[in-house]
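A.B. asks: For reference, this is structure-v6.tsv, and it has TSV, N, CA and C atoms.
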chain	number	residue	atom	x	y	z
A	76	GLN	N	-132.82	169.89	199.00
A	76	GLN	CA	-132.47	171.29	199.12
A	76	GLN	C	-130.95	171.44	199.17
A	77	LEU	N	-130.43	172.30	198.31
A	77	LEU	CA	-129.00	172.53	198.28
A	77	LEU	C	-128.54	173.22	199.56
A	78	GLN	N	-127.42	172.75	200.10
A	78	GLN	CA	-126.80	173.41	201.25
A	78	GLN	C	-125.34	173.67	200.92
A	79	LEU	N	-124.83	174.80	201.40
A	79	LEU	CA	-123.46	175.21	201.12
A	79	LEU	C	-122.73	175.47	202.42
A	80	VAL	N	-121.51	174.97	202.52
A	80	VAL	CA	-120.69	175.17	203.71
A	80	VAL	C	-119.30	175.63	203.29
A	81	GLU	N	-118.90	176.80	203.77
A	81	GLU	CA	-117.58	177.33	203.45
A	81	GLU	C	-116.55	176.94	204.49
A	82	SER	N	-115.31	176.86	204.06
A	82	SER	CA	-114.20	176.62	204.98
A	82	SER	C	-112.95	177.27	204.40
A	83	GLY	N	-111.93	177.41	205.25
A	83	GLY	CA	-110.65	177.90	204.77
A	83	GLY	C	-110.31	179.32	205.15
A	84	GLY	N	-111.24	180.02	205.81
A	84	GLY	CA	-110.93	181.38	206.22
A	84	GLY	C	-109.90	181.41	207.33
A	85	GLY	N	-109.44	182.60	207.65
A	85	GLY	CA	-108.47	182.74	208.72
A	85	GLY	C	-107.85	184.12	208.74
A	86	SER	N	-106.82	184.26	209.56
A	86	SER	CA	-106.10	185.53	209.70
A	86	SER	C	-104.71	185.39	209.10
A	87	VAL	N	-104.37	186.27	208.19
A	87	VAL	CA	-103.07	186.21	207.51
A	87	VAL	C	-102.48	187.61	207.42
A	88	GLN	N	-101.23	187.66	206.97
A	88	GLN	CA	-100.55	188.92	206.74
A	88	GLN	C	-100.73	189.34	205.28
A	89	ALA	N	-100.62	190.63	205.04
A	89	ALA	CA	-100.69	191.14	203.67
A	89	ALA	C	-99.64	190.44	202.81
A	90	GLY	N	-100.06	190.05	201.62
A	90	GLY	CA	-99.18	189.33	200.71
A	90	GLY	C	-99.30	187.83	200.78
A	91	ASP	N	-99.95	187.33	201.82
A	91	ASP	CA	-100.15	185.89	201.98
A	91	ASP	C	-101.27	185.38	201.08
A	92	SER	N	-101.47	184.08	201.13
A	92	SER	CA	-102.52	183.44	200.33
A	92	SER	C	-103.45	182.64	201.24
A	93	LEU	N	-104.67	182.48	200.79
A	93	LEU	CA	-105.65	181.61	201.42
A	93	LEU	C	-106.46	180.93	200.33
A	94	ARG	N	-106.95	179.75	200.64
A	94	ARG	CA	-107.84	179.05	199.71
A	94	ARG	C	-109.13	178.74	200.44
A	95	LEU	N	-110.22	179.27	199.93
A	95	LEU	CA	-111.54	179.00	200.47
A	95	LEU	C	-112.19	177.88	199.67
A	96	THR	N	-112.92	177.03	200.38
A	96	THR	CA	-113.67	175.96	199.73
A	96	THR	C	-115.12	176.03	200.15
A	97	CYS	N	-115.99	175.84	199.19
A	97	CYS	CA	-117.42	175.76	199.42
A	97	CYS	C	-117.88	174.36	199.03
A	98	ALA	N	-118.37	173.63	200.00
A	98	ALA	CA	-118.85	172.26	199.75
A	98	ALA	C	-120.37	172.26	199.67
A	99	ALA	N	-120.89	171.67	198.60
A	99	ALA	CA	-122.32	171.63	198.38
A	99	ALA	C	-122.87	170.23	198.61
A	100	SER	N	-124.08	170.19	199.14
A	100	SER	CA	-124.78	168.92	199.29
A	100	SER	C	-126.24	169.12	198.91
A	101	GLY	N	-126.84	168.09	198.35
A	101	GLY	CA	-128.21	168.21	197.86
A	101	GLY	C	-128.26	168.98	196.56
A	102	GLY	N	-129.39	168.98	195.89
A	102	GLY	CA	-129.51	169.72	194.65
A	102	GLY	C	-128.68	169.13	193.54
A	103	THR	N	-128.63	169.84	192.43
A	103	THR	CA	-127.84	169.41	191.28
A	103	THR	C	-126.75	170.45	191.04
A	104	PHE	N	-125.74	170.37	191.88
A	104	PHE	CA	-124.66	171.36	191.91
A	104	PHE	C	-124.06	171.60	190.54
A	105	SER	N	-123.89	170.53	189.78
A	105	SER	CA	-123.16	170.64	188.52
A	105	SER	C	-123.89	171.48	187.47
A	106	THR	N	-125.13	171.86	187.72
A	106	THR	CA	-125.88	172.67	186.76
A	106	THR	C	-125.99	174.14	187.17
A	107	TYR	N	-125.39	174.51	188.31
A	107	TYR	CA	-125.60	175.85	188.88
A	107	TYR	C	-124.44	176.80	188.66
A	108	LEU	N	-124.76	178.04	188.36
A	108	LEU	CA	-123.80	179.13	188.47
A	108	LEU	C	-123.47	179.31	189.95
A	109	MET	N	-122.17	179.38	190.26
A	109	MET	CA	-121.74	179.55	191.65
A	109	MET	C	-120.96	180.85	191.78
A	110	GLY	N	-121.12	181.50	192.92
A	110	GLY	CA	-120.43	182.77	193.13
A	110	GLY	C	-119.84	182.88	194.52
A	111	TRP	N	-118.85	183.73	194.63
A	111	TRP	CA	-118.30	184.14	195.93
A	111	TRP	C	-118.56	185.63	196.10
A	112	PHE	N	-119.04	185.98	197.28
A	112	PHE	CA	-119.30	187.36	197.65
A	112	PHE	C	-118.62	187.64	198.98
A	113	ARG	N	-118.45	188.90	199.31
A	113	ARG	CA	-117.88	189.26	200.60
A	113	ARG	C	-118.62	190.46	201.17
A	114	GLN	N	-118.57	190.57	202.47
A	114	GLN	CA	-119.28	191.65	203.13
A	114	GLN	C	-118.52	192.10	204.37
A	115	VAL	N	-118.42	193.39	204.50
A	115	VAL	CA	-117.85	194.04	205.68
A	115	VAL	C	-118.99	194.64	206.47
A	116	PRO	N	-118.97	194.57	207.80
A	116	PRO	CA	-120.08	195.15	208.59
A	116	PRO	C	-120.33	196.61	208.20
A	117	GLY	N	-121.61	196.90	207.98
A	117	GLY	CA	-121.99	198.25	207.64
A	117	GLY	C	-121.95	198.57	206.16
A	118	LYS	N	-121.49	197.59	205.36
A	118	LYS	CA	-121.43	197.80	203.91
A	118	LYS	C	-122.26	196.75	203.20
A	119	GLU	N	-122.59	197.03	201.94
A	119	GLU	CA	-123.36	196.09	201.15
A	119	GLU	C	-122.49	194.89	200.74
A	120	ARG	N	-123.16	193.81	200.49
A	120	ARG	CA	-122.48	192.62	199.99
A	120	ARG	C	-121.85	192.92	198.63
A	121	GLU	N	-120.63	192.45	198.43
A	121	GLU	CA	-119.85	192.77	197.24
A	121	GLU	C	-119.54	191.51	196.44
A	122	PHE	N	-119.77	191.56	195.14
A	122	PHE	CA	-119.41	190.46	194.26
A	122	PHE	C	-117.89	190.29	194.21
A	123	VAL	N	-117.43	189.05	194.27
A	123	VAL	CA	-116.01	188.76	194.18
A	123	VAL	C	-115.69	188.00	192.90
A	124	ALA	N	-116.36	186.86	192.72
A	124	ALA	CA	-116.08	186.03	191.55
A	124	ALA	C	-117.23	185.05	191.35
A	125	SER	N	-117.38	184.58	190.11
A	125	SER	CA	-118.37	183.54	189.85
A	125	SER	C	-117.86	182.64	188.74
A	126	ILE	N	-118.49	181.48	188.64
A	126	ILE	CA	-118.09	180.48	187.67
A	126	ILE	C	-119.33	179.78	187.15
A	127	ASN	N	-119.38	179.57	185.84
A	127	ASN	CA	-120.59	178.97	185.28
A	127	ASN	C	-120.62	177.47	185.56
A	128	TRP	N	-121.69	176.82	185.13
A	128	TRP	CA	-121.91	175.43	185.53
A	128	TRP	C	-120.87	174.48	184.98
A	129	THR	N	-120.28	174.79	183.84
A	129	THR	CA	-119.25	173.90	183.29
A	129	THR	C	-117.88	174.20	183.86
A	130	GLY	N	-117.72	175.39	184.43
A	130	GLY	CA	-116.38	175.81	184.85
A	130	GLY	C	-115.62	176.50	183.74
A	131	GLY	N	-116.22	176.59	182.57
A	131	GLY	CA	-115.54	177.16	181.42
A	131	GLY	C	-115.54	178.68	181.37
A	132	SER	N	-116.40	179.31	182.15
A	132	SER	CA	-116.46	180.78	182.17
A	132	SER	C	-116.35	181.26	183.60
A	133	THR	N	-115.45	182.20	183.81
A	133	THR	CA	-115.26	182.78	185.14
A	133	THR	C	-115.33	184.30	185.05
A	134	TYR	N	-115.73	184.92	186.14
A	134	TYR	CA	-115.92	186.36	186.18
A	134	TYR	C	-115.36	186.88	187.51
A	135	TYR	N	-114.76	188.05	187.46
A	135	TYR	CA	-114.12	188.59	188.65
A	135	TYR	C	-114.44	190.07	188.82
A	136	ALA	N	-114.49	190.48	190.08
A	136	ALA	CA	-114.54	191.91	190.36
A	136	ALA	C	-113.18	192.51	190.00
A	137	ASN	N	-113.19	193.76	189.59
A	137	ASN	CA	-111.93	194.42	189.20
A	137	ASN	C	-110.94	194.42	190.36
A	138	SER	N	-111.45	194.49	191.58
A	138	SER	CA	-110.58	194.61	192.74
A	138	SER	C	-109.79	193.33	193.03
A	139	VAL	N	-110.22	192.20	192.47
A	139	VAL	CA	-109.53	190.94	192.77
A	139	VAL	C	-108.97	190.27	191.52
A	140	ARG	N	-109.30	190.79	190.35
A	140	ARG	CA	-108.83	190.16	189.11
A	140	ARG	C	-107.31	190.13	189.09
A	141	GLY	N	-106.77	188.97	188.74
A	141	GLY	CA	-105.32	188.79	188.72
A	141	GLY	C	-104.74	188.29	190.02
A	142	ARG	N	-105.51	188.37	191.11
A	142	ARG	CA	-105.05	187.88	192.41
A	142	ARG	C	-105.86	186.67	192.87
A	143	PHE	N	-107.14	186.63	192.55
A	143	PHE	CA	-108.03	185.54	192.97
A	143	PHE	C	-108.37	184.66	191.78
A	144	THR	N	-108.56	183.38	192.06
A	144	THR	CA	-108.98	182.43	191.03
A	144	THR	C	-110.09	181.56	191.57
A	145	ILE	N	-111.19	181.51	190.83
A	145	ILE	CA	-112.32	180.65	191.20
A	145	ILE	C	-112.26	179.39	190.34
A	146	SER	N	-112.59	178.26	190.96
A	146	SER	CA	-112.60	176.99	190.24
A	146	SER	C	-113.67	176.10	190.85
A	147	ARG	N	-114.04	175.06	190.14
A	147	ARG	CA	-115.04	174.14	190.67
A	147	ARG	C	-114.69	172.71	190.28
A	148	ASP	N	-115.18	171.79	191.08
A	148	ASP	CA	-115.03	170.37	190.83
A	148	ASP	C	-116.43	169.77	190.93
A	149	ASN	N	-117.05	169.54	189.80
A	149	ASN	CA	-118.43	169.04	189.82
A	149	ASN	C	-118.53	167.59	190.30
A	150	ALA	N	-117.44	166.87	190.24
A	150	ALA	CA	-117.46	165.50	190.76
A	150	ALA	C	-117.45	165.50	192.29
A	151	GLN	N	-116.78	166.51	192.87
A	151	GLN	CA	-116.69	166.62	194.32
A	151	GLN	C	-117.70	167.60	194.91
A	152	ASN	N	-118.46	168.27	194.04
A	152	ASN	CA	-119.44	169.28	194.48
A	152	ASN	C	-118.79	170.38	195.31
A	153	THR	N	-117.69	170.90	194.82
A	153	THR	CA	-117.00	171.98	195.51
A	153	THR	C	-116.68	173.12	194.56
A	154	VAL	N	-116.61	174.31	195.12
A	154	VAL	CA	-116.13	175.48	194.40
A	154	VAL	C	-115.11	176.17	195.30
A	155	ASP	N	-113.95	176.46	194.76
A	155	ASP	CA	-112.86	177.05	195.51
A	155	ASP	C	-112.59	178.48	195.10
A	156	LEU	N	-112.01	179.22	196.01
A	156	LEU	CA	-111.54	180.56	195.72
A	156	LEU	C	-110.10	180.66	196.23
A	157	GLN	N	-109.16	180.64	195.31
A	157	GLN	CA	-107.75	180.80	195.65
A	157	GLN	C	-107.45	182.29	195.69
A	158	MET	N	-106.98	182.75	196.84
A	158	MET	CA	-106.73	184.17	197.04
A	158	MET	C	-105.25	184.39	197.28
A	159	ASN	N	-104.59	185.07	196.36
A	159	ASN	CA	-103.18	185.37	196.47
A	159	ASN	C	-102.95	186.87	196.67
A	160	SER	N	-101.77	187.22	197.13
A	160	SER	CA	-101.40	188.63	197.32
A	160	SER	C	-102.48	189.38	198.08
A	161	LEU	N	-102.90	188.82	199.18
A	161	LEU	CA	-104.00	189.41	199.94
A	161	LEU	C	-103.63	190.78	200.48
A	162	LYS	N	-104.64	191.63	200.54
A	162	LYS	CA	-104.47	193.00	201.02
A	162	LYS	C	-105.40	193.23	202.22
A	163	PRO	N	-105.09	194.18	203.07
A	163	PRO	CA	-105.99	194.47	204.20
A	163	PRO	C	-107.42	194.77	203.76
A	164	GLU	N	-107.58	195.37	202.61
A	164	GLU	CA	-108.93	195.69	202.12
A	164	GLU	C	-109.71	194.46	201.67
A	165	ASP	N	-109.06	193.29	201.65
A	165	ASP	CA	-109.77	192.05	201.35
A	165	ASP	C	-110.43	191.47	202.59
A	166	THR	N	-110.19	192.08	203.74
A	166	THR	CA	-110.80	191.61	204.99
A	166	THR	C	-112.32	191.69	204.90
A	167	ALA	N	-112.99	190.57	205.16
A	167	ALA	CA	-114.45	190.50	205.05
A	167	ALA	C	-114.91	189.10	205.43
A	168	VAL	N	-116.21	188.94	205.52
A	168	VAL	CA	-116.81	187.61	205.58
A	168	VAL	C	-117.10	187.19	204.14
A	169	TYR	N	-116.56	186.05	203.76
A	169	TYR	CA	-116.72	185.54	202.40
A	169	TYR	C	-117.78	184.44	202.40
A	170	SER	N	-118.74	184.56	201.47
A	170	SER	CA	-119.81	183.58	201.36
A	170	SER	C	-119.90	183.06	199.94
A	171	CYS	N	-120.17	181.78	199.82
A	171	CYS	CA	-120.46	181.25	198.50
A	171	CYS	C	-121.98	181.19	198.31
A	172	ALA	N	-122.38	181.21	197.06
A	172	ALA	CA	-123.80	181.26	196.75
A	172	ALA	C	-124.07	180.53	195.45
A	173	ALA	N	-125.28	180.05	195.32
A	173	ALA	CA	-125.69	179.30	194.14
A	173	ALA	C	-126.90	179.93	193.48
A	174	ASN	N	-126.82	180.10	192.18
A	174	ASN	CA	-128.00	180.42	191.38
A	174	ASN	C	-128.57	179.08	190.94
A	175	THR	N	-129.73	178.73	191.47
A	175	THR	CA	-130.26	177.38	191.28
A	175	THR	C	-131.12	177.21	190.04
A	176	ASN	N	-131.01	178.16	189.10
A	176	ASN	CA	-131.65	177.94	187.79
A	176	ASN	C	-130.67	177.12	186.95
A	177	PRO	N	-131.02	175.89	186.61
A	177	PRO	CA	-130.08	175.03	185.89
A	177	PRO	C	-129.61	175.65	184.58
A	178	TYR	N	-128.29	175.60	184.39
A	178	TYR	CA	-127.65	176.05	183.15
A	178	TYR	C	-127.83	177.55	182.91
A	179	TYR	N	-128.02	178.32	183.98
A	179	TYR	CA	-128.19	179.77	183.89
A	179	TYR	C	-126.97	180.40	183.26
A	180	SER	N	-127.20	181.36	182.35
A	180	SER	CA	-126.07	182.00	181.67
A	180	SER	C	-126.24	183.51	181.58
A	181	GLY	N	-127.02	184.10	182.47
A	181	GLY	CA	-127.24	185.54	182.45
A	181	GLY	C	-126.30	186.29	183.37
A	182	SER	N	-126.82	187.36	183.94
A	182	SER	CA	-126.02	188.20	184.83
A	182	SER	C	-125.46	187.38	185.98
A	183	TYR	N	-124.25	187.75	186.42
A	183	TYR	CA	-123.57	186.92	187.40
A	183	TYR	C	-123.15	187.67	188.65
A	184	PHE	N	-123.25	189.03	188.66
A	184	PHE	CA	-122.68	189.77	189.76
A	184	PHE	C	-123.72	190.28	190.75
A	185	ASN	N	-125.00	190.15	190.41
A	185	ASN	CA	-126.07	190.64	191.29
A	185	ASN	C	-126.38	189.59	192.34
A	186	PRO	N	-126.17	189.89	193.63
A	186	PRO	CA	-126.43	188.87	194.66
A	186	PRO	C	-127.89	188.43	194.73
A	187	ASP	N	-128.79	189.27	194.25
A	187	ASP	CA	-130.21	188.90	194.29
A	187	ASP	C	-130.54	187.72	193.39
A	188	LEU	N	-129.63	187.40	192.45
A	188	LEU	CA	-129.87	186.29	191.54
A	188	LEU	C	-129.43	184.94	192.13
A	189	TYR	N	-128.83	184.99	193.30
A	189	TYR	CA	-128.36	183.77	193.95
A	189	TYR	C	-129.32	183.40	195.07
A	190	ARG	N	-129.83	182.18	195.02
A	190	ARG	CA	-130.90	181.80	195.93
A	190	ARG	C	-130.41	181.13	197.21
A	191	ILE	N	-129.34	180.39	197.12
A	191	ILE	CA	-128.83	179.62	198.25
A	191	ILE	C	-127.48	180.19	198.68
A	192	TRP	N	-127.31	180.39	199.98
A	192	TRP	CA	-126.08	180.97	200.52
A	192	TRP	C	-125.51	180.11	201.63
A	193	GLY	N	-124.19	180.11	201.73
A	193	GLY	CA	-123.54	179.50	202.86
A	193	GLY	C	-123.53	180.46	204.04
A	194	GLN	N	-122.98	179.99	205.14
A	194	GLN	CA	-122.98	180.79	206.36
A	194	GLN	C	-121.85	181.82	206.40
A	195	GLY	N	-120.86	181.64	205.54
A	195	GLY	CA	-119.76	182.59	205.47
A	195	GLY	C	-118.56	182.17	206.29
A	196	THR	N	-117.39	182.65	205.87
A	196	THR	CA	-116.15	182.39	206.60
A	196	THR	C	-115.35	183.69	206.65
A	197	GLN	N	-114.79	183.98	207.80
A	197	GLN	CA	-114.08	185.25	208.00
A	197	GLN	C	-112.66	185.18	207.44
A	198	VAL	N	-112.31	186.21	206.70
A	198	VAL	CA	-110.94	186.39	206.23
A	198	VAL	C	-110.45	187.72	206.77
A	199	THR	N	-109.35	187.68	207.48
A	199	THR	CA	-108.77	188.90	208.05
A	199	THR	C	-107.33	189.03	207.57
A	200	VAL	N	-107.01	190.16	206.96
A	200	VAL	CA	-105.67	190.40	206.42
A	200	VAL	C	-105.08	191.59	207.15
A	201	SER	N	-103.96	191.37	207.81
A	201	SER	CA	-103.29	192.41	208.57
A	201	SER	C	-102.13	193.00	207.77
A	202	SER	N	-101.91	194.28	207.96
A	202	SER	CA	-100.81	194.95	207.24
A	202	SER	C	-99.49	194.77	207.96
Take the structure in the file and give it back as structure tokens.
C.D. replies:
Amino acid sequence: QLQLVESGGGSVQAGDSLRLTCAASGGTFSTYLMGWFRQVPGKEREFVASINWTGGSTYYANSVRGRFTISRDNAQNTVDLQMNSLKPEDTAVYSCAANTNPYYSGSYFNPDLYRIWGQGTQVTVSS
């Protein structure tokens, strides 16, 4: 069974950077579409970014495009989210997720398509 553990969250000032890492164990990580989502209490989970199984295709929410970069290392079973120029509105719990259909190439932004989730890591950006 695939398990995901996030790390790298914290409290920063607006304009700072953070790098989140999601470490996977079990399963066949290298065949899965991976995504990062975020959630603020009282609001729905929001798509942030995703990356296909090869790492050759990446997708971003409009709100983070140009500031965030998703990447993966299939040899290390990790997926990272580099977050630059952080804004207070980026404050949320960030979770990584896996679509465990091997070599999946369909829709990438719907959280219902991701079967396995990490526990999340808090990112707080102060103005």
A.B. asks: Name the residues in contact with segment 178-188 of chain A at a cut-off of 6 Å, using all atoms listed in the file, excluding same-chain residues fewer than 2 positions from it; report them as a short mmCIF file (atom, residue, chain, number, x, y, z; two decimals) with N, CA and C atoms, in the coordinates of the input.
C.D. replies:
data_model
loop_
_atom_site.label_atom_id
_atom_site.label_comp_id
_atom_site.auth_asym_id
_atom_site.auth_seq_id
_atom_site.Cartn_x
_atom_site.Cartn_y
_atom_site.Cartn_z
N THR A 106 -125.13 171.86 187.72
CA THR A 106 -125.88 172.67 186.76
C THR A 106 -125.99 174.14 187.17
N TYR A 107 -125.39 174.51 188.31
CA TYR A 107 -125.60 175.85 188.88
C TYR A 107 -124.44 176.80 188.66
N LEU A 108 -124.76 178.04 188.36
CA LEU A 108 -123.80 179.13 188.47
C LEU A 108 -123.47 179.31 189.95
N PHE A 122 -119.77 191.56 195.14
CA PHE A 122 -119.41 190.46 194.26
C PHE A 122 -117.89 190.29 194.21
N ALA A 173 -125.28 180.05 195.32
CA ALA A 173 -125.69 179.30 194.14
C ALA A 173 -126.90 179.93 193.48
N ASN A 174 -126.82 180.10 192.18
CA ASN A 174 -128.00 180.42 191.38
C ASN A 174 -128.57 179.08 190.94
N ASN A 176 -131.01 178.16 189.10
CA ASN A 176 -131.65 177.94 187.79
C ASN A 176 -130.67 177.12 186.95
N ARG A 190 -129.83 182.18 195.02
CA ARG A 190 -130.90 181.80 195.93
C ARG A 190 -130.41 181.13 197.21
#
A.B. asks: Taking the point (-99.8, 191.8, 196.2) as given in the file, collect each protein or nucleic acid residue that comes within 7 Å of it, counting only C-alpha atoms, and present the set as a list in words.
C.D. replies: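 Selection result: Gly90, Ser160, Leu161 and Lys162 of chain A.
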A.B. asks: Produce a file of the selected residues containing N, CA and C atoms, as a JSON list (two decimals), in the coordinates of the input.
C.D. replies:
[["chain", "number", "residue", "atom", "x", "y", "z"],
["A", 90, "GLY", "N", -100.06, 190.05, 201.62],
["A", 90, "GLY", "CA", -99.18, 189.33, 200.71],
["A", 90, "GLY", "C", -99.30, 187.83, 200.78],
["A", 160, "SER", "N", -101.77, 187.22, 197.13],
["A", 160, "SER", "CA", -101.40, 188.63, 197.32],
["A", 160, "SER", "C", -102.48, 189.38, 198.08],
["A", 161, "LEU", "N", -102.90, 188.82, 199.18],
["A", 161, "LEU", "CA", -104.00, 189.41, 199.94],
["A", 161, "LEU", "C", -103.63, 190.78, 200.48],
["A", 162, "LYS", "N", -104.64, 191.63, 200.54],
["A", 162, "LYS", "CA", -104.47, 193.00, 201.02],
["A", 162, "LYS", "C", -105.40, 193.23, 202.22]]
A.B. asks: Select, from A:Gln194, A:Ala98, A:Ser92, A:Gln76, the residue with the minimum atom-to-atom distance to Asn152 of chain A, counting all atoms listed in the file.
C.D. replies: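 Smallest separation from Asn152 of chain A among the options: A:Ala98.
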A.B. asks: Out of A:Met109, A:Met158, A:Leu77, A:Val123, which residue has the shortest atom-to-atom distance to Leu93 of chain A when counting all atoms listed in the file?
C.D. replies: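 Looking only at the distances to Leu93 of chain A, the closest residue turns out to be A:Met158.
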A.B. asks: Which residue is closest to Arg94 of chain A? Choose from A:Val115, A:Ser132, A:Ser138, A:Ser82 and count all atoms listed in the file.
C.D. replies: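 Distance minimum relative to Arg94 of chain A lands on A:Ser82.
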A.B. asks: Show me, as a list in words, the residues that have an atom within 8 Å of Val80 of chain A when counting all atoms listed in the file, minus same-chain residues fewer than 3 positions from it.
C.D. replies: Leu77, Gly83, Thr96, Cys97, Ala98, Ala99, Ser100, Cys171, Trp192, Gly193, Gln194, Gly195 and Thr196 of chain A
A.B. asks: Could you save those same residues with N, CA and C atoms as a PDB file, in the coordinates of the input?
C.D. replies:
ATOM      1  N   LEU A  77    -130.430 172.300 198.310  1.00  0.00           N
ATOM      2  CA  LEU A  77    -129.000 172.530 198.280  1.00  0.00           C
ATOM      3  C   LEU A  77    -128.540 173.220 199.560  1.00  0.00           C
ATOM      4  N   GLY A  83    -111.930 177.410 205.250  1.00  0.00           N
ATOM      5  CA  GLY A  83    -110.650 177.900 204.770  1.00  0.00           C
ATOM      6  C   GLY A  83    -110.310 179.320 205.150  1.00  0.00           C
ATOM      7  N   THR A  96    -112.920 177.030 200.380  1.00  0.00           N
ATOM      8  CA  THR A  96    -113.670 175.960 199.730  1.00  0.00           C
ATOM      9  C   THR A  96    -115.120 176.030 200.150  1.00  0.00           C
ATOM     10  N   CYS A  97    -115.990 175.840 199.190  1.00  0.00           N
ATOM     11  CA  CYS A  97    -117.420 175.760 199.420  1.00  0.00           C
ATOM     12  C   CYS A  97    -117.880 174.360 199.030  1.00  0.00           C
ATOM     13  N   ALA A  98    -118.370 173.630 200.000  1.00  0.00           N
ATOM     14  CA  ALA A  98    -118.850 172.260 199.750  1.00  0.00           C
ATOM     15  C   ALA A  98    -120.370 172.260 199.670  1.00  0.00           C
ATOM     16  N   ALA A  99    -120.890 171.670 198.600  1.00  0.00           N
ATOM     17  CA  ALA A  99    -122.320 171.630 198.380  1.00  0.00           C
ATOM     18  C   ALA A  99    -122.870 170.230 198.610  1.00  0.00           C
ATOM     19  N   SER A 100    -124.080 170.190 199.140  1.00  0.00           N
ATOM     20  CA  SER A 100    -124.780 168.920 199.290  1.00  0.00           C
ATOM     21  C   SER A 100    -126.240 169.120 198.910  1.00  0.00           C
ATOM     22  N   CYS A 171    -120.170 181.780 199.820  1.00  0.00           N
ATOM     23  CA  CYS A 171    -120.460 181.250 198.500  1.00  0.00           C
ATOM     24  C   CYS A 171    -121.980 181.190 198.310  1.00  0.00           C
ATOM     25  N   TRP A 192    -127.310 180.390 199.980  1.00  0.00           N
ATOM     26  CA  TRP A 192    -126.080 180.970 200.520  1.00  0.00           C
ATOM     27  C   TRP A 192    -125.510 180.110 201.630  1.00  0.00           C
ATOM     28  N   GLY A 193    -124.190 180.110 201.730  1.00  0.00           N
ATOM     29  CA  GLY A 193    -123.540 179.500 202.860  1.00  0.00           C
ATOM     30  C   GLY A 193    -123.530 180.460 204.040  1.00  0.00           C
ATOM     31  N   GLN A 194    -122.980 179.990 205.140  1.00  0.00           N
ATOM     32  CA  GLN A 194    -122.980 180.790 206.360  1.00  0.00           C
ATOM     33  C   GLN A 194    -121.850 181.820 206.400  1.00  0.00           C
ATOM     34  N   GLY A 195    -120.860 181.640 205.540  1.00  0.00           N
ATOM     35  CA  GLY A 195    -119.760 182.590 205.470  1.00  0.00           C
ATOM     36  C   GLY A 195    -118.560 182.170 206.290  1.00  0.00           C
ATOM     37  N   THR A 196    -117.390 182.650 205.870  1.00  0.00           N
ATOM     38  CA  THR A 196    -116.150 182.390 206.600  1.00  0.00           C
ATOM     39  C   THR A 196    -115.350 183.690 206.650  1.00  0.00           C
TER      40      THR A 196
END
A.B. asks: Mind listing whatever residues come within 7 Å of the point (-119.0, 190.1, 197.3)? Use all atoms listed in the file, file coordinates, and give them as JSON, numbers by chain.
C.D. replies: {"A": [111, 112, 113, 114, 119, 120, 121, 122, 123, 124, 170]}
A.B. asks: Given only C-alpha atoms as the basis, pick out the residue of A:Gly117, A:Tyr189, A:Leu156, A:Gln78 nearest to Ala172 of chain A.
C.D. replies: A:Tyr189
A.B. asks: Taking only C-alpha atoms into account, which of A:Ser146, A:Gln151, A:Ala167, A:Ser202 comes nearest Gly110 of chain A?
C.D. replies: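 Going through A:Ser146, A:Gln151, A:Ala167, A:Ser202 one by one, the smallest distance to Gly110 of chain A is for A:Ser146.
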A.B. asks: For the structure I just gave you, how does DSSP split segment 80-200 of chain A - specifically, which residues are strand (DSSP E or B)? Reply as a PyMOL selection string.
C.D. replies: chain A and resi 80-82+85-88+93-100+108-114+121-126+133-135+140+143-148+153-158+167-174+191-192+196-200
A.B. asks: Pick out the closest residue to Gln88 of chain A from this set: A:Asp165, A:Gly130, A:Thr103, A:Thr144. Count only C-alpha atoms.
C.D. replies: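 The shortest atom-to-atom distance to Gln88 of chain A comes from A:Asp165.
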A.B. asks: I'd like the neighbourhood of Arg147 of chain A as a PyMOL selection string, where a residue qualifies if any of its atoms comes within 8 Å (using only N, CA and C atoms), though same-chain residues fewer than 6 positions away should be ignored.
C.D. replies: chain A and resi 126+129-130+153-156
A.B. asks: Figure out the distance between atom CA of Val168 of chain A and atom CA of Ser86 of chain A, please, to one decimal in Å.
C.D. replies: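 If I compute the distance from atom CA of Ser86 of chain A to atom CA of Val168 of chain A, I get 11.7 Å.
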